[in-house]
Amino acid sequence: MSLLSKFAAVAQTRAALGDHDPTGVVMERMLSATRALINGRPTLLAGTNNYLGMTMEPAAIKAGQEALAEAGTGTTGSRNANGTHRAHKLLEEELAAFYGYPHAMVFTTGYGANLAVMSALLDAGDAVLLDAHAHASLFDGAKMTRADTYTFRHNDVDSLDKRLRRLGEQAASTLVIVEGLYSVTGDLAPLADIDAVTHAHGAMLLVDEAHSLGVIGEGGRGVVESAGILDTVDFVVGTFSKSLGTVGGFCVSRHAELGLFRYASRPYIFTASPSPATIASTRVALAMLRDQPERRVHLQRLCARLRAGMAQLGLPVNEVPTPVACVPLPNREKALDTWQRLLDNGLYVNVMLPPATPGNEAMLRVSIGAAYTEADVDEIVLKLGEVLD
Ligand code: PMP
């Protein structure tokens, strides 16, 4: 058996996709924050996580262009070894102020933020307790540590309570990890209850707000804000790659120790810091996210419209309208076929296949954002209705 033998199975999986390869989609040209040219055809994008439409925001583009001209194309190394740019510090101060915490740390990706925070916090003898539907980056973060890893049933506070009870004394060195808004199914975590149960057992809570920053909460601070746990949650992580329209990640905390993670976190220490252009665009996008609540208000209206449309099609919907909806399908063949027919009909959505899906289901995932119009949402629902039997 050579190292390459395992790719025979990968090749089979690839071959089974036939002409329907979702990973092969090329956006030949971006036409706007909501449309791209795919296979030569203008296509409505309903699977980009561009929740506030920031990718095409002129002020964010201009700030990035200016930073490119002034500070160059890259940082050429990590902050510990090769230096911090002033803009990194400013963005950290702005993020800390936005959440009302003393500390913030910026990372090169959201994925890296999860690895960095978890590997700094968790060691042998500690435990990590993840919601079963948590993102792959959170499970990968757990693998990087020597902590004992457990899961509890998705959004099930009793299951969390039981697990923590079973951990006994180890609960005091346990990190509970959940998402605010779940990325595939679009449902919200019952964060107030999760926070209370976690702390009742003496454990700490980390919430990944990748999909809720800028979307949920009156000030856009995510589900931690709408659930009223900003004063009690221990760590909030997030990404710049969705509502802020750039790339990068962050962690904010009320705990002063976050400032020491810079000396203890290998995924932070041993990777290059975000580029000047990325930081500059992110700072502008964060200011807009904070100062333009009307984007959120418009998005909320669209979420309600999407939810109503999905319900009319007989599809399952979440209690609270969010920009993420999913369409369960009986198997992977049906999911791939439906996905392809939608694309051929000018609608791009995501296809999610087992084993990377909650409950190992095949499904399509739809997401919208503040740059969409009501007519766009109606078009998404109409096109879904045309292909679903
Ligand atoms: N956490 C969650 C919940 C995510 O959905 C994602 C990405 N989809 C990440 C973290 C990683 O973020 P990024 O893509 O910015 O690295």
# chains A, B, ... in the order shown; residues from 1 in each chain; ligands from 1
>>> closest_atom_pairs(of="chain A", to="ligand 1", cutoff="10 Å", atoms="only C-alpha atoms and all ligand atoms", output="tab-separated table")
residue	atom	partner	partner_atom_place_in_ligand_line	distance
A:Thr48	CA	ligand 1	8 (N)	9.9
A:Asn49	CA	ligand 1	8 (N)	8.4
A:Phe107	CA	ligand 1	16 (O)	9.4
A:Thr108	CA	ligand 1	16 (O)	8.0
A:Thr109	CA	ligand 1	16 (O)	4.2
A:Gly110	CA	ligand 1	16 (O)	3.5
A:Tyr111	CA	ligand 1	16 (O)	3.7
A:Gly112	CA	ligand 1	16 (O)	6.4
A:Ala113	CA	ligand 1	16 (O)	7.8
A:Asn114	CA	ligand 1	10 (C)	6.9
A:Leu115	CA	ligand 1	10 (C)	9.7
A:His133	CA	ligand 1	3 (C)	9.6
A:Ala134	CA	ligand 1	3 (C)	6.9
A:His135	CA	ligand 1	3 (C)	4.9
A:Ala136	CA	ligand 1	1 (N)	7.6
A:Ser137	CA	ligand 1	10 (C)	5.9
A:Leu138	CA	ligand 1	1 (N)	7.2
A:Val178	CA	ligand 1	3 (C)	8.9
A:Glu179	CA	ligand 1	3 (C)	6.2
A:Gly180	CA	ligand 1	3 (C)	8.4
A:Leu181	CA	ligand 1	3 (C)	7.9
A:Tyr182	CA	ligand 1	3 (C)	6.7
A:Ser183	CA	ligand 1	5 (O)	5.2
A:Val184	CA	ligand 1	5 (O)	8.0
A:Val207	CA	ligand 1	3 (C)	9.3
A:Asp208	CA	ligand 1	3 (C)	5.9
A:Glu209	CA	ligand 1	3 (C)	6.7
A:Ala210	CA	ligand 1	2 (C)	5.0
A:His211	CA	ligand 1	3 (C)	6.4
A:Ser212	CA	ligand 1	3 (C)	9.3
A:Val237	CA	ligand 1	1 (N)	8.1
A:Gly238	CA	ligand 1	10 (C)	6.8
A:Thr239	CA	ligand 1	15 (O)	4.7
A:Phe240	CA	ligand 1	15 (O)	6.1
A:Ser241	CA	ligand 1	15 (O)	4.6
A:Lys242	CA	ligand 1	15 (O)	7.2
A:Gly245	CA	ligand 1	15 (O)	9.8
A:Thr246	CA	ligand 1	15 (O)	8.5
A:Val247	CA	ligand 1	15 (O)	5.8
A:Gly248	CA	ligand 1	15 (O)	5.6
A:Gly249	CA	ligand 1	15 (O)	6.0
A:Phe250	CA	ligand 1	15 (O)	9.5
>>> residues_around(residues="Ser78 in chain A", least_positions_apart="6", cutoff="6 Å", atoms="only C-alpha atoms", output="CSV table (one decimal) with C-alpha atoms, in the first residue's frame")
chain,number,residue,atom,x,y,z
A,271,THR,CA,1.3,31.6,10.2
A,272,ALA,CA,1.5,34.9,8.3
A,273,SER,CA,-0.8,37.7,9.5
>>> select_by_dssp(residues="range 234-353 of chain A", states="helix (DSSP H, G or I)", output="number ranges by chain")
A: 256-263, 266-269, 276-291, 293-312, 332-344
>>> closest_atom_pairs(of="range 341-389 of chain A", to="range 304-321 of chain A", cutoff="9 Å", atoms="only C-alpha atoms", output="JSON lines")
{"residue": "A:Ile368", "atom": "CA", "partner": "A:Leu306", "partner_atom": "CA", "distance": 8.6}
{"residue": "A:Glu374", "atom": "CA", "partner": "A:Arg305", "partner_atom": "CA", "distance": 7.7}
{"residue": "A:Val377", "atom": "CA", "partner": "A:Leu306", "partner_atom": "CA", "distance": 6.1}
{"residue": "A:Asp378", "atom": "CA", "partner": "A:Gly309", "partner_atom": "CA", "distance": 7.5}
{"residue": "A:Ile380", "atom": "CA", "partner": "A:Leu306", "partner_atom": "CA", "distance": 8.4}
{"residue": "A:Val381", "atom": "CA", "partner": "A:Gly309", "partner_atom": "CA", "distance": 5.9}
{"residue": "A:Leu382", "atom": "CA", "partner": "A:Gly309", "partner_atom": "CA", "distance": 8.5}
{"residue": "A:Leu384", "atom": "CA", "partner": "A:Leu313", "partner_atom": "CA", "distance": 8.4}
{"residue": "A:Gly385", "atom": "CA", "partner": "A:Leu313", "partner_atom": "CA", "distance": 6.4}
{"residue": "A:Leu388", "atom": "CA", "partner": "A:Leu313", "partner_atom": "CA", "distance": 8.6}
>>> write_last_selection(atoms="all heavy atoms", output="tab-separated table (two decimals), in the first residue's frame")
chain	number	residue	atom	x	y	z
A	368	ILE	N	-28.99	34.04	1.78
A	368	ILE	CA	-29.25	35.34	1.17
A	368	ILE	C	-28.54	36.42	1.98
A	368	ILE	O	-27.91	36.13	3.00
A	368	ILE	CB	-30.77	35.65	1.08
A	368	ILE	CG1	-31.40	35.58	2.48
A	368	ILE	CG2	-31.45	34.72	0.10
A	368	ILE	CD1	-32.81	36.14	2.53
A	374	GLU	N	-36.37	42.04	-2.73
A	374	GLU	CA	-37.49	41.12	-2.51
A	374	GLU	C	-37.72	40.27	-3.76
A	374	GLU	O	-38.03	39.08	-3.68
A	374	GLU	CB	-38.73	41.91	-2.13
A	374	GLU	CG	-38.52	42.59	-0.77
A	374	GLU	CD	-39.74	43.25	-0.20
A	374	GLU	OE1	-40.70	43.50	-0.97
A	374	GLU	OE2	-39.73	43.51	1.01
A	377	VAL	N	-35.43	37.30	-3.78
A	377	VAL	CA	-35.89	36.23	-2.89
A	377	VAL	C	-37.04	35.47	-3.56
A	377	VAL	O	-37.08	34.23	-3.55
A	377	VAL	CB	-36.32	36.79	-1.52
A	377	VAL	CG1	-36.95	35.70	-0.65
A	377	VAL	CG2	-35.12	37.41	-0.80
A	378	ASP	N	-37.95	36.20	-4.19
A	378	ASP	CA	-39.06	35.54	-4.89
A	378	ASP	C	-38.53	34.64	-6.01
A	378	ASP	O	-39.05	33.55	-6.25
A	378	ASP	CB	-40.03	36.58	-5.45
A	378	ASP	CG	-40.73	37.36	-4.34
A	378	ASP	OD1	-40.65	36.92	-3.17
A	378	ASP	OD2	-41.34	38.41	-4.63
A	380	ILE	N	-35.63	33.14	-6.08
A	380	ILE	CA	-35.03	31.94	-5.47
A	380	ILE	C	-36.13	30.91	-5.18
A	380	ILE	O	-36.02	29.73	-5.53
A	380	ILE	CB	-34.29	32.31	-4.16
A	380	ILE	CG1	-33.05	33.15	-4.48
A	380	ILE	CG2	-33.90	31.06	-3.37
A	380	ILE	CD1	-32.39	33.80	-3.26
A	381	VAL	N	-37.22	31.39	-4.56
A	381	VAL	CA	-38.31	30.47	-4.18
A	381	VAL	C	-38.96	29.89	-5.43
A	381	VAL	O	-39.23	28.68	-5.50
A	381	VAL	CB	-39.34	31.21	-3.29
A	381	VAL	CG1	-40.55	30.32	-3.02
A	381	VAL	CG2	-38.69	31.65	-1.97
A	382	LEU	N	-39.17	30.74	-6.43
A	382	LEU	CA	-39.80	30.27	-7.68
A	382	LEU	C	-38.95	29.18	-8.32
A	382	LEU	O	-39.46	28.12	-8.72
A	382	LEU	CB	-39.95	31.47	-8.64
A	382	LEU	CG	-40.64	31.16	-9.95
A	382	LEU	CD1	-42.16	31.09	-9.72
A	382	LEU	CD2	-40.35	32.25	-11.00
A	384	LEU	N	-36.69	27.26	-6.95
A	384	LEU	CA	-36.71	26.03	-6.14
A	384	LEU	C	-37.99	25.26	-6.42
A	384	LEU	O	-37.96	24.03	-6.62
A	384	LEU	CB	-36.64	26.38	-4.64
A	384	LEU	CG	-35.28	26.78	-4.07
A	384	LEU	CD1	-35.43	27.24	-2.62
A	384	LEU	CD2	-34.29	25.61	-4.14
A	385	GLY	N	-39.11	25.98	-6.44
A	385	GLY	CA	-40.41	25.34	-6.68
A	385	GLY	C	-40.45	24.62	-8.03
A	385	GLY	O	-41.06	23.54	-8.15
A	388	LEU	N	-38.33	21.22	-7.59
A	388	LEU	CA	-38.67	20.24	-6.54
A	388	LEU	C	-40.00	19.58	-6.88
A	388	LEU	O	-40.95	20.26	-7.25
A	388	LEU	CB	-38.77	20.93	-5.17
A	388	LEU	CG	-37.46	21.52	-4.65
A	388	LEU	CD1	-37.71	22.37	-3.42
A	388	LEU	CD2	-36.46	20.42	-4.33
>>> residues_around(residues="Val324 in chain A", least_positions_apart="4", cutoff="7 Å", atoms="only C-alpha atoms", output="ChimeraX atom specification")
/A:185-186,366-368
>>> write_last_selection(atoms="N, CA, C and O atoms", output="short mmCIF file (atom, residue, chain, number, x, y, z; two decimals), in the first residue's frame")
data_model
loop_
_atom_site.label_atom_id
_atom_site.label_comp_id
_atom_site.auth_asym_id
_atom_site.auth_seq_id
_atom_site.Cartn_x
_atom_site.Cartn_y
_atom_site.Cartn_z
N THR A 185 -28.13 24.48 8.64
CA THR A 185 -29.57 24.39 8.86
C THR A 185 -30.20 25.75 9.21
O THR A 185 -31.43 25.89 9.18
N GLY A 186 -29.37 26.73 9.57
CA GLY A 186 -29.89 28.08 9.80
C GLY A 186 -30.63 28.26 11.12
O GLY A 186 -31.27 29.30 11.33
N VAL A 366 -29.37 27.17 1.08
CA VAL A 366 -29.64 28.47 0.44
C VAL A 366 -29.21 29.55 1.42
O VAL A 366 -29.50 29.45 2.62
N SER A 367 -28.52 30.59 0.95
CA SER A 367 -28.30 31.74 1.83
C SER A 367 -28.51 33.03 1.05
O SER A 367 -28.28 33.09 -0.15
N ILE A 368 -28.99 34.04 1.78
CA ILE A 368 -29.25 35.34 1.17
C ILE A 368 -28.54 36.42 1.98
O ILE A 368 -27.91 36.13 3.00
#
>>> residues_around(residues="Met288 in chain A", least_positions_apart="2", cutoff="12 Å", atoms="only C-alpha atoms", output="VMD selection string")
chain A and resid 52 to 54 57 to 60 98 214 219 to 220 243 to 245 281 to 286 290 to 296
>>> closest_residue(among="A:Ala132, A:Ala71, A:Pro323, A:Ser173", to="His154 in chain A", atoms="only C-alpha atoms")
A:Ala132
